[in-house]
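Below is the file model_36.pdb, which contains PDB, C-alpha atoms.
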ATOM      1  CA  MET A   1     106.041 -47.204   3.711  1.00  0.00           C
ATOM      2  CA  LYS A   2     103.292 -48.724   5.846  1.00  0.00           C
ATOM      3  CA  ASN A   3     100.920 -45.960   4.857  1.00  0.00           C
ATOM      4  CA  THR A   4     101.754 -46.545   1.205  1.00  0.00           C
ATOM      5  CA  ASN A   5     100.974 -50.270   1.489  1.00  0.00           C
ATOM      6  CA  LYS A   6      97.753 -49.417   3.289  1.00  0.00           C
ATOM      7  CA  TYR A   7      96.630 -47.159   0.457  1.00  0.00           C
ATOM      8  CA  VAL A   8      97.559 -49.799  -2.173  1.00  0.00           C
ATOM      9  CA  LEU A   9      95.587 -52.529  -0.371  1.00  0.00           C
ATOM     10  CA  THR A  10      92.603 -50.217   0.062  1.00  0.00           C
ATOM     11  CA  GLY A  11      92.684 -49.386  -3.643  1.00  0.00           C
ATOM     12  CA  LEU A  12      92.840 -53.039  -4.665  1.00  0.00           C
ATOM     13  CA  ALA A  13      89.920 -53.870  -2.377  1.00  0.00           C
ATOM     14  CA  SER A  14      87.831 -51.098  -3.933  1.00  0.00           C
ATOM     15  CA  ILE A  15      88.603 -52.360  -7.438  1.00  0.00           C
ATOM     16  CA  LEU A  16      87.641 -55.941  -6.514  1.00  0.00           C
ATOM     17  CA  MET A  17      84.414 -54.786  -4.915  1.00  0.00           C
ATOM     18  CA  ALA A  18      83.528 -52.758  -7.996  1.00  0.00           C
ATOM     19  CA  ALA A  19      84.261 -55.738 -10.257  1.00  0.00           C
ATOM     20  CA  CYS A  20      82.060 -58.039  -8.198  1.00  0.00           C
ATOM     21  CA  SER A  21      79.290 -55.466  -8.244  1.00  0.00           C
ATOM     22  CA  SER A  22      79.466 -55.058 -12.044  1.00  0.00           C
ATOM     23  CA  ASN A  23      79.198 -58.837 -12.522  1.00  0.00           C
ATOM     24  CA  SER A  24      76.154 -59.278 -10.287  1.00  0.00           C
ATOM     25  CA  THR A  25      74.097 -56.306 -11.514  1.00  0.00           C
ATOM     26  CA  LYS A  26      73.888 -55.100 -15.102  1.00  0.00           C
ATOM     27  CA  GLU A  27      71.794 -52.441 -16.685  1.00  0.00           C
ATOM     28  CA  GLY A  28      69.297 -53.780 -19.203  1.00  0.00           C
ATOM     29  CA  THR A  29      65.881 -53.410 -20.747  1.00  0.00           C
ATOM     30  CA  GLY A  30      62.824 -55.421 -19.735  1.00  0.00           C
ATOM     31  CA  LEU A  31      60.273 -57.179 -21.940  1.00  0.00           C
ATOM     32  CA  ASN A  32      58.105 -54.064 -21.987  1.00  0.00           C
ATOM     33  CA  GLY A  33      60.993 -51.697 -22.663  1.00  0.00           C
ATOM     34  CA  THR A  34      61.426 -50.509 -19.055  1.00  0.00           C
ATOM     35  CA  SER A  35      64.890 -49.846 -17.653  1.00  0.00           C
ATOM     36  CA  ARG A  36      66.001 -52.553 -15.257  1.00  0.00           C
ATOM     37  CA  VAL A  37      68.984 -53.867 -13.300  1.00  0.00           C
ATOM     38  CA  LEU A  38      69.839 -57.518 -13.892  1.00  0.00           C
ATOM     39  CA  LEU A  39      70.436 -59.474 -10.704  1.00  0.00           C
ATOM     40  CA  ASP A  40      70.771 -63.086 -11.824  1.00  0.00           C
ATOM     41  CA  ASN A  41      69.960 -65.514 -14.619  1.00  0.00           C
ATOM     42  CA  SER A  42      70.030 -69.208 -15.384  1.00  0.00           C
ATOM     43  CA  MET A  43      73.277 -68.780 -17.338  1.00  0.00           C
ATOM     44  CA  LYS A  44      75.175 -67.674 -14.210  1.00  0.00           C
ATOM     45  CA  GLY A  45      75.643 -64.144 -15.474  1.00  0.00           C
ATOM     46  CA  LYS A  46      76.501 -65.076 -19.082  1.00  0.00           C
ATOM     47  CA  GLU A  47      74.459 -64.081 -22.121  1.00  0.00           C
ATOM     48  CA  MET A  48      71.014 -65.631 -22.416  1.00  0.00           C
ATOM     49  CA  PRO A  49      70.348 -68.109 -25.301  1.00  0.00           C
ATOM     50  CA  ASP A  50      69.584 -66.517 -28.662  1.00  0.00           C
ATOM     51  CA  TRP A  51      66.070 -67.981 -28.792  1.00  0.00           C
ATOM     52  CA  THR A  52      65.092 -65.978 -25.689  1.00  0.00           C
ATOM     53  CA  GLN A  53      66.006 -62.739 -27.454  1.00  0.00           C
ATOM     54  CA  THR A  54      63.981 -63.226 -30.642  1.00  0.00           C
ATOM     55  CA  THR A  55      60.644 -61.465 -30.975  1.00  0.00           C
ATOM     56  CA  LYS A  56      59.167 -64.539 -32.694  1.00  0.00           C
ATOM     57  CA  VAL A  57      56.986 -66.786 -30.558  1.00  0.00           C
ATOM     58  CA  SER A  58      56.715 -69.650 -33.072  1.00  0.00           C
ATOM     59  CA  TRP A  59      58.512 -70.848 -36.177  1.00  0.00           C
ATOM     60  CA  GLN A  60      59.117 -74.007 -38.198  1.00  0.00           C
ATOM     61  CA  ASP A  61      62.364 -75.956 -38.177  1.00  0.00           C
ATOM     62  CA  GLY A  62      62.365 -78.824 -40.664  1.00  0.00           C
ATOM     63  CA  ASP A  63      59.598 -81.261 -39.747  1.00  0.00           C
ATOM     64  CA  ALA A  64      58.893 -79.621 -36.396  1.00  0.00           C
ATOM     65  CA  TYR A  65      57.115 -76.555 -35.037  1.00  0.00           C
ATOM     66  CA  ILE A  66      58.994 -74.519 -32.414  1.00  0.00           C
ATOM     67  CA  PHE A  67      57.214 -72.441 -29.763  1.00  0.00           C
ATOM     68  CA  LYS A  68      58.545 -69.931 -27.262  1.00  0.00           C
ATOM     69  CA  GLY A  69      56.663 -69.223 -24.048  1.00  0.00           C
ATOM     70  CA  VAL A  70      57.345 -66.243 -21.786  1.00  0.00           C
ATOM     71  CA  TYR A  71      55.912 -65.454 -18.370  1.00  0.00           C
ATOM     72  CA  THR A  72      56.784 -62.931 -15.654  1.00  0.00           C
ATOM     73  CA  VAL A  73      56.359 -63.396 -11.894  1.00  0.00           C
ATOM     74  CA  ARG A  74      57.368 -61.550  -8.747  1.00  0.00           C
ATOM     75  CA  GLY A  75      60.874 -62.061  -7.446  1.00  0.00           C
ATOM     76  CA  ASP A  76      59.655 -64.009  -4.402  1.00  0.00           C
ATOM     77  CA  GLN A  77      57.808 -66.606  -6.516  1.00  0.00           C
ATOM     78  CA  ARG A  78      59.247 -69.998  -7.488  1.00  0.00           C
ATOM     79  CA  VAL A  79      61.074 -70.213 -10.822  1.00  0.00           C
ATOM     80  CA  ASN A  80      59.803 -73.758 -11.455  1.00  0.00           C
ATOM     81  CA  GLY A  81      56.244 -72.523 -11.075  1.00  0.00           C
ATOM     82  CA  CYS A  82      57.062 -69.723 -13.517  1.00  0.00           C
ATOM     83  CA  TYR A  83      58.298 -72.304 -16.046  1.00  0.00           C
ATOM     84  CA  ASP A  84      54.993 -74.181 -15.681  1.00  0.00           C
ATOM     85  CA  LEU A  85      53.081 -70.974 -16.429  1.00  0.00           C
ATOM     86  CA  SER A  86      55.274 -70.348 -19.491  1.00  0.00           C
ATOM     87  CA  THR A  87      54.481 -73.851 -20.750  1.00  0.00           C
ATOM     88  CA  MET A  88      50.767 -73.251 -20.184  1.00  0.00           C
ATOM     89  CA  GLU A  89      51.050 -70.021 -22.175  1.00  0.00           C
ATOM     90  CA  ILE A  90      52.474 -72.023 -25.121  1.00  0.00           C
ATOM     91  CA  GLN A  91      49.644 -74.570 -24.930  1.00  0.00           C
ATOM     92  CA  GLN A  92      46.930 -71.906 -24.847  1.00  0.00           C
ATOM     93  CA  ARG A  93      48.510 -70.079 -27.781  1.00  0.00           C
ATOM     94  CA  ILE A  94      48.781 -73.259 -29.885  1.00  0.00           C
ATOM     95  CA  LEU A  95      45.099 -74.026 -29.320  1.00  0.00           C
ATOM     96  CA  SER A  96      44.119 -70.434 -30.067  1.00  0.00           C
ATOM     97  CA  ASP A  97      46.169 -70.356 -33.295  1.00  0.00           C
ATOM     98  CA  ILE A  98      44.647 -73.633 -34.523  1.00  0.00           C
ATOM     99  CA  GLU A  99      41.121 -72.477 -33.646  1.00  0.00           C
ATOM    100  CA  ASN A 100      41.586 -69.202 -35.541  1.00  0.00           C
ATOM    101  CA  SER A 101      43.028 -71.063 -38.551  1.00  0.00           C
ATOM    102  CA  LEU A 102      40.010 -73.408 -38.660  1.00  0.00           C
ATOM    103  CA  ARG A 103      37.627 -70.461 -38.321  1.00  0.00           C
ATOM    104  CA  ILE A 104      39.195 -68.853 -41.385  1.00  0.00           C
ATOM    105  CA  GLU A 105      39.092 -72.104 -43.387  1.00  0.00           C
ATOM    106  CA  MET A 106      35.405 -72.630 -42.573  1.00  0.00           C
ATOM    107  CA  ASN A 107      34.650 -68.940 -43.117  1.00  0.00           C
ATOM    108  CA  LEU A 108      32.763 -68.818 -39.815  1.00  0.00           C
ATOM    109  CA  ALA A 109      32.810 -65.019 -39.826  1.00  0.00           C
ATOM    110  CA  ASN A 110      30.350 -65.091 -42.744  1.00  0.00           C
ATOM    111  CA  GLU A 111      28.286 -68.043 -41.558  1.00  0.00           C
ATOM    112  CA  GLY A 112      26.232 -66.087 -39.025  1.00  0.00           C
ATOM    113  CA  ILE A 113      27.804 -67.628 -35.910  1.00  0.00           C
ATOM    114  CA  SER A 114      26.779 -65.575 -32.871  1.00  0.00           C
ATOM    115  CA  GLU A 115      29.281 -63.992 -30.475  1.00  0.00           C
ATOM    116  CA  ASN A 116      27.978 -66.170 -27.650  1.00  0.00           C
ATOM    117  CA  THR A 117      28.639 -69.286 -29.721  1.00  0.00           C
ATOM    118  CA  ASP A 118      32.136 -68.007 -30.555  1.00  0.00           C
ATOM    119  CA  ALA A 119      32.907 -67.489 -26.881  1.00  0.00           C
ATOM    120  CA  MET A 120      31.480 -70.902 -25.969  1.00  0.00           C
ATOM    121  CA  ILE A 121      33.648 -72.641 -28.587  1.00  0.00           C
ATOM    122  CA  THR A 122      36.827 -70.956 -27.336  1.00  0.00           C
ATOM    123  CA  LYS A 123      35.999 -71.726 -23.708  1.00  0.00           C
ATOM    124  CA  SER A 124      35.273 -75.358 -24.555  1.00  0.00           C
ATOM    125  CA  ILE A 125      38.591 -75.790 -26.368  1.00  0.00           C
ATOM    126  CA  GLN A 126      40.701 -74.137 -23.668  1.00  0.00           C
ATOM    127  CA  SER A 127      38.985 -75.857 -20.729  1.00  0.00           C
ATOM    128  CA  ASN A 128      38.947 -79.340 -22.257  1.00  0.00           C
ATOM    129  CA  MET A 129      42.248 -79.397 -24.114  1.00  0.00           C
ATOM    130  CA  ALA A 130      44.709 -77.032 -22.388  1.00  0.00           C
ATOM    131  CA  GLY A 131      47.293 -79.035 -20.486  1.00  0.00           C
ATOM    132  CA  LYS A 132      46.485 -82.185 -22.491  1.00  0.00           C
ATOM    133  CA  ILE A 133      48.429 -81.517 -25.662  1.00  0.00           C
ATOM    134  CA  ARG A 134      50.252 -84.645 -26.762  1.00  0.00           C
ATOM    135  CA  GLY A 135      53.551 -84.418 -28.581  1.00  0.00           C
ATOM    136  CA  LEU A 136      54.647 -81.071 -27.128  1.00  0.00           C
ATOM    137  CA  ARG A 137      58.156 -81.445 -25.676  1.00  0.00           C
ATOM    138  CA  ILE A 138      59.965 -78.800 -23.651  1.00  0.00           C
ATOM    139  CA  THR A 139      63.532 -78.750 -24.961  1.00  0.00           C
ATOM    140  CA  ASP A 140      65.034 -75.790 -23.081  1.00  0.00           C
ATOM    141  CA  HIS A 141      64.271 -73.129 -20.480  1.00  0.00           C
ATOM    142  CA  ALA A 142      65.946 -70.075 -18.975  1.00  0.00           C
ATOM    143  CA  PHE A 143      65.188 -67.214 -16.588  1.00  0.00           C
ATOM    144  CA  GLU A 144      66.325 -63.685 -15.788  1.00  0.00           C
ATOM    145  CA  ARG A 145      65.909 -62.040 -12.381  1.00  0.00           C
ATOM    146  CA  TYR A 146      65.987 -58.257 -12.323  1.00  0.00           C
ATOM    147  CA  ARG A 147      64.862 -55.163 -10.459  1.00  0.00           C
ATOM    148  CA  VAL A 148      62.772 -52.325 -11.854  1.00  0.00           C
ATOM    149  CA  LEU A 149      62.696 -49.388  -9.430  1.00  0.00           C
ATOM    150  CA  ASN A 150      62.049 -51.190  -6.126  1.00  0.00           C
ATOM    151  CA  ASN A 151      60.285 -54.214  -7.613  1.00  0.00           C
ATOM    152  CA  GLU A 152      62.041 -57.524  -8.228  1.00  0.00           C
ATOM    153  CA  ARG A 153      60.759 -59.615 -11.136  1.00  0.00           C
ATOM    154  CA  VAL A 154      61.624 -62.869 -12.928  1.00  0.00           C
ATOM    155  CA  ASP A 155      61.146 -63.448 -16.671  1.00  0.00           C
ATOM    156  CA  CYS A 156      60.830 -67.162 -17.504  1.00  0.00           C
ATOM    157  CA  PHE A 157      61.428 -68.496 -21.013  1.00  0.00           C
ATOM    158  CA  VAL A 158      60.443 -71.962 -22.216  1.00  0.00           C
ATOM    159  CA  LEU A 159      61.212 -73.532 -25.617  1.00  0.00           C
ATOM    160  CA  GLY A 160      58.801 -76.177 -26.901  1.00  0.00           C
ATOM    161  CA  GLN A 161      58.884 -78.460 -29.927  1.00  0.00           C
ATOM    162  CA  MET A 162      56.161 -80.421 -31.718  1.00  0.00           C
ATOM    163  CA  LYS A 163      56.368 -82.738 -34.727  1.00  0.00           C
ATOM    164  CA  SER A 164      54.199 -81.725 -37.669  1.00  0.00           C
ATOM    165  CA  THR A 165      52.332 -85.065 -37.487  1.00  0.00           C
ATOM    166  CA  ASP A 166      51.430 -84.418 -33.842  1.00  0.00           C
ATOM    167  CA  TYR A 167      50.389 -80.887 -34.744  1.00  0.00           C
ATOM    168  CA  GLN A 168      48.031 -82.153 -37.467  1.00  0.00           C
ATOM    169  CA  THR A 169      46.563 -84.699 -35.034  1.00  0.00           C
ATOM    170  CA  LEU A 170      45.948 -81.911 -32.550  1.00  0.00           C
ATOM    171  CA  ARG A 171      44.338 -79.849 -35.306  1.00  0.00           C
ATOM    172  CA  SER A 172      41.843 -82.650 -35.957  1.00  0.00           C
ATOM    173  CA  SER A 173      41.115 -82.862 -32.222  1.00  0.00           C
ATOM    174  CA  VAL A 174      40.436 -79.109 -32.038  1.00  0.00           C
ATOM    175  CA  LEU A 175      38.031 -79.376 -34.979  1.00  0.00           C
ATOM    176  CA  SER A 176      36.244 -82.257 -33.237  1.00  0.00           C
ATOM    177  CA  GLN A 177      35.961 -80.153 -30.074  1.00  0.00           C
ATOM    178  CA  MET A 178      34.530 -77.241 -32.064  1.00  0.00           C
ATOM    179  CA  THR A 179      31.831 -79.430 -33.636  1.00  0.00           C
ATOM    180  CA  SER A 180      30.982 -80.958 -30.237  1.00  0.00           C
ATOM    181  CA  ALA A 181      30.627 -77.519 -28.672  1.00  0.00           C
ATOM    182  CA  SER A 182      28.429 -76.051 -31.425  1.00  0.00           C
ATOM    183  CA  PRO A 183      25.733 -77.768 -33.534  1.00  0.00           C
ATOM    184  CA  GLU A 184      26.029 -74.840 -35.956  1.00  0.00           C
ATOM    185  CA  VAL A 185      29.710 -75.560 -36.603  1.00  0.00           C
ATOM    186  CA  ALA A 186      28.960 -79.290 -36.878  1.00  0.00           C
ATOM    187  CA  ALA A 187      26.344 -78.542 -39.578  1.00  0.00           C
ATOM    188  CA  ILE A 188      28.831 -76.357 -41.473  1.00  0.00           C
ATOM    189  CA  VAL A 189      31.471 -79.105 -41.354  1.00  0.00           C
ATOM    190  CA  ARG A 190      28.990 -81.743 -42.567  1.00  0.00           C
ATOM    191  CA  LYS A 191      27.910 -79.493 -45.457  1.00  0.00           C
ATOM    192  CA  ARG A 192      31.508 -78.844 -46.472  1.00  0.00           C
ATOM    193  CA  GLN A 193      32.299 -82.558 -46.345  1.00  0.00           C
ATOM    194  CA  ALA A 194      29.232 -83.331 -48.473  1.00  0.00           C
ATOM    195  CA  ASP A 195      30.219 -80.641 -50.995  1.00  0.00           C
ATOM    196  CA  PHE A 196      33.764 -81.994 -51.103  1.00  0.00           C
ATOM    197  CA  PHE A 197      32.673 -85.565 -51.897  1.00  0.00           C
ATOM    198  CA  LYS A 198      30.098 -84.265 -54.367  1.00  0.00           C
ATOM    199  CA  ASP A 199      32.769 -82.332 -56.228  1.00  0.00           C
ATOM    200  CA  LYS A 200      35.090 -85.337 -56.048  1.00  0.00           C
ATOM    201  CA  ASN A 201      32.426 -87.656 -57.492  1.00  0.00           C
ATOM    202  CA  SER A 202      31.654 -85.104 -60.190  1.00  0.00           C
ATOM    203  CA  ASP A 203      35.324 -84.955 -61.148  1.00  0.00           C
ATOM    204  CA  SER A 204      35.458 -88.755 -61.201  1.00  0.00           C
ATOM    205  CA  VAL A 205      32.423 -88.967 -63.530  1.00  0.00           C
ATOM    206  CA  SER A 206      33.904 -86.312 -65.817  1.00  0.00           C
ATOM    207  CA  THR A 207      37.171 -88.244 -65.971  1.00  0.00           C
ATOM    208  CA  LYS A 208      35.371 -91.485 -66.825  1.00  0.00           C
ATOM    209  CA  GLU A 209      33.349 -89.734 -69.543  1.00  0.00           C
ATOM    210  CA  ALA A 210      36.507 -88.238 -71.010  1.00  0.00           C
ATOM    211  CA  ILE A 211      38.203 -91.659 -71.085  1.00  0.00           C
ATOM    212  CA  SER A 212      35.101 -93.217 -72.662  1.00  0.00           C
ATOM    213  CA  HIS A 213      34.992 -90.476 -75.271  1.00  0.00           C
ATOM    214  CA  LYS A 214      38.664 -91.015 -76.151  1.00  0.00           C
ATOM    215  CA  SER A 215      38.025 -94.760 -76.422  1.00  0.00           C
ATOM    216  CA  GLU A 216      35.107 -94.164 -78.817  1.00  0.00           C
ATOM    217  CA  ILE A 217      37.248 -91.910 -80.999  1.00  0.00           C
ATOM    218  CA  LYS A 218      40.012 -94.524 -81.072  1.00  0.00           C
ATOM    219  CA  THR A 219      37.522 -97.286 -82.009  1.00  0.00           C
ATOM    220  CA  THR A 220      36.037 -95.138 -84.785  1.00  0.00           C
ATOM    221  CA  LYS A 221      39.462 -94.409 -86.245  1.00  0.00           C
ATOM    222  CA  GLU A 222      40.376 -98.074 -86.186  1.00  0.00           C
ATOM    223  CA  SER A 223      37.106 -98.913 -87.996  1.00  0.00           C
ATOM    224  CA  ASP A 224      37.778 -96.243 -90.626  1.00  0.00           C
ATOM    225  CA  ASN A 225      41.250 -97.679 -91.230  1.00  0.00           C
ATOM    226  CA  GLU A 226      39.834-101.176 -91.703  1.00  0.00           C
ATOM    227  CA  ILE A 227      37.325 -99.855 -94.294  1.00  0.00           C
ATOM    228  CA  ASP A 228      40.059 -98.011 -96.182  1.00  0.00           C
ATOM    229  CA  GLN A 229      42.082-101.181 -96.388  1.00  0.00           C
TER     230      GLN A 229
END
Just give me the structure as C-alpha cells.
Amino acid sequence: MKNTNKYVLTGLASILMAACSSNSTKEGTGLNGTSRVLLDNSMKGKEMPDWTQTTKVSWQDGDAYIFKGVYTVRGDQRVNGCYDLSTMEIQQRILSDIENSLRIEMNLANEGISENTDAMITKSIQSNMAGKIRGLRITDHAFERYRVLNNERVDCFVLGQMKSTDYQTLRSSVLSQMTSASPEVAAIVRKRQADFFKDKNSDSVSTKEAISHKSEIKTTKESDNEIDQ
C-alpha cells in the first residue's frame, strides 16, 4: 500500500512539473522566421496583443495615424531601454516616410539633385528632428523574451498614435528642414509656389472675365427687349 501511494505521488509530481514547464516555455517563431522557445512576455504567459502580430507598421484610425515600432535586444539588456529604441525606430520611420512623400511631390528625382545632396538632406532631417516629434503619444507596449539555440533575445513592441493635425504640422517642419539643408530644394519650392500663385491668379482673371462677359450679354439682351417694346 505504501509503495502504491509512493508511485501515485511520484506520478502527480511529474505531471505538475511537466505542466509548469509547458507554461513557462512554448515553441514559437521569431520575427525573422527562426524557431524559438518562448520564455516570458509582458502578458504573463498569455497571448500577445493583436497589434503586435500584424505585419503592418502604420495605419490610419479615424483622425489619427497609428505606428508600430519593433526592436530586438539581447536577453541581458533592459526592457525599458528596448522600448526607447522601439520608439526611436517609429520616429525615424515617420520622418523618412514624410521625406520620401515630399520628394515624390516635388519630383526631386527628375530635378537633378545630386546623391550627396540627397544624403545631406536625410542626415539633416534625422539629426535635427529625430527625438523631437511633437504630438506622438505612446499608447501601449509589450515584450517577448525567448531563446533561439543558445541565445536569449527580447522583442519589444511599441504602439504610437499621432493626430492628423500634428502629422501635417510635422510635414511642414520636415519641408522647412529640407529647404534649409539644400539651396537647390529651396529654389524648387519657391518656383513651385510662384507657379501655384500664377496659376491661381490666372484662374481668378479668367473667372472675372467670364463674369464680365455674362454681364455684357445680360445688358445687351435687356437693351434689345427695351427696343422691341
Apply the PyMOL selection byres ((chain A and resi 127) around 12) to the file shown and report the selected residues as a VMD selection string. chain A and resid 91 to 92 95 to 96 120 to 126 128 to 132 174 177 181
| field | Selection as a ChimeraX atom specification: residues within 12 Å of (50.5, -71.0, -28.4), counting only C-alpha atoms | value | /A:56-59,65-70,86-100,126,130-131,133,136,158-162,167
In terms of only C-alpha atoms, the residue from A:Asp63, A:Glu184, A:Glu47, A:Glu115 at minimal distance from Asp166 in chain A is A:Asp63
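Going from CA of Thr139 in chain A to CA of Thr55 in chain A covers 18.5 Å.
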What's the 10 Å shell around Asp76 in chain A, counting only C-alpha atoms, without same-chain residues fewer than 5 positions away, as a list in words?
Glu152, Arg153 and Val154 of chain A
Reference answer for the PyMOL selection byres ((chain A and resi 75) around 10), as a VMD selection string = chain A and resid 72 to 74 76 to 79 145 to 147 151 to 155
Using the chain letters and numbers from this file, what does the PyMOL selection byres ((chain A and resi 42) around 6) select? Give the answer as a PDB file with C-alpha atoms, keeping the file's coordinate frame.
ATOM      1  CA  ASN A  41      69.960 -65.514 -14.619  1.00  0.00           C
ATOM      2  CA  MET A  43      73.277 -68.780 -17.338  1.00  0.00           C
ATOM      3  CA  LYS A  44      75.175 -67.674 -14.210  1.00  0.00           C
ATOM      4  CA  ALA A 142      65.946 -70.075 -18.975  1.00  0.00           C
ATOM      5  CA  PHE A 143      65.188 -67.214 -16.588  1.00  0.00           C
TER       6      PHE A 143
END
Correct to one decimal, the distance CA of Ala119 in chain A-CA of Ile104 in chain A is 15.9 Å
Box centre and edge lengths (Å, one decimal), axis-aligned, range 45-53 of chain A plus 6 Å each side, as AutoDock Vina command-line options:
--center_x 70.8 --center_y -65.4 --center_z -22.1 --size_x 23.4 --size_y 17.4 --size_z 25.3
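Of the listed residues (A:Asp84, A:Asp40, A:Asp118, A:Asp50), A:Asp118 comes nearest to Thr179 in chain A; the distances count all atoms listed in the file.
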**OP:** State, in Å with one decimal place, the distance from CA of Pro49 in chain A to CA of Ser35 in chain A.
**Re:**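 Calculated distance between CA of Pro49 in chain A and CA of Ser35 in chain A is 20.5 Å.
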Closest of A:Ala187, A:Val37, A:Val148, A:Cys82 to Leu108 in chain A, counting all atoms listed in the file, is A:Ala187
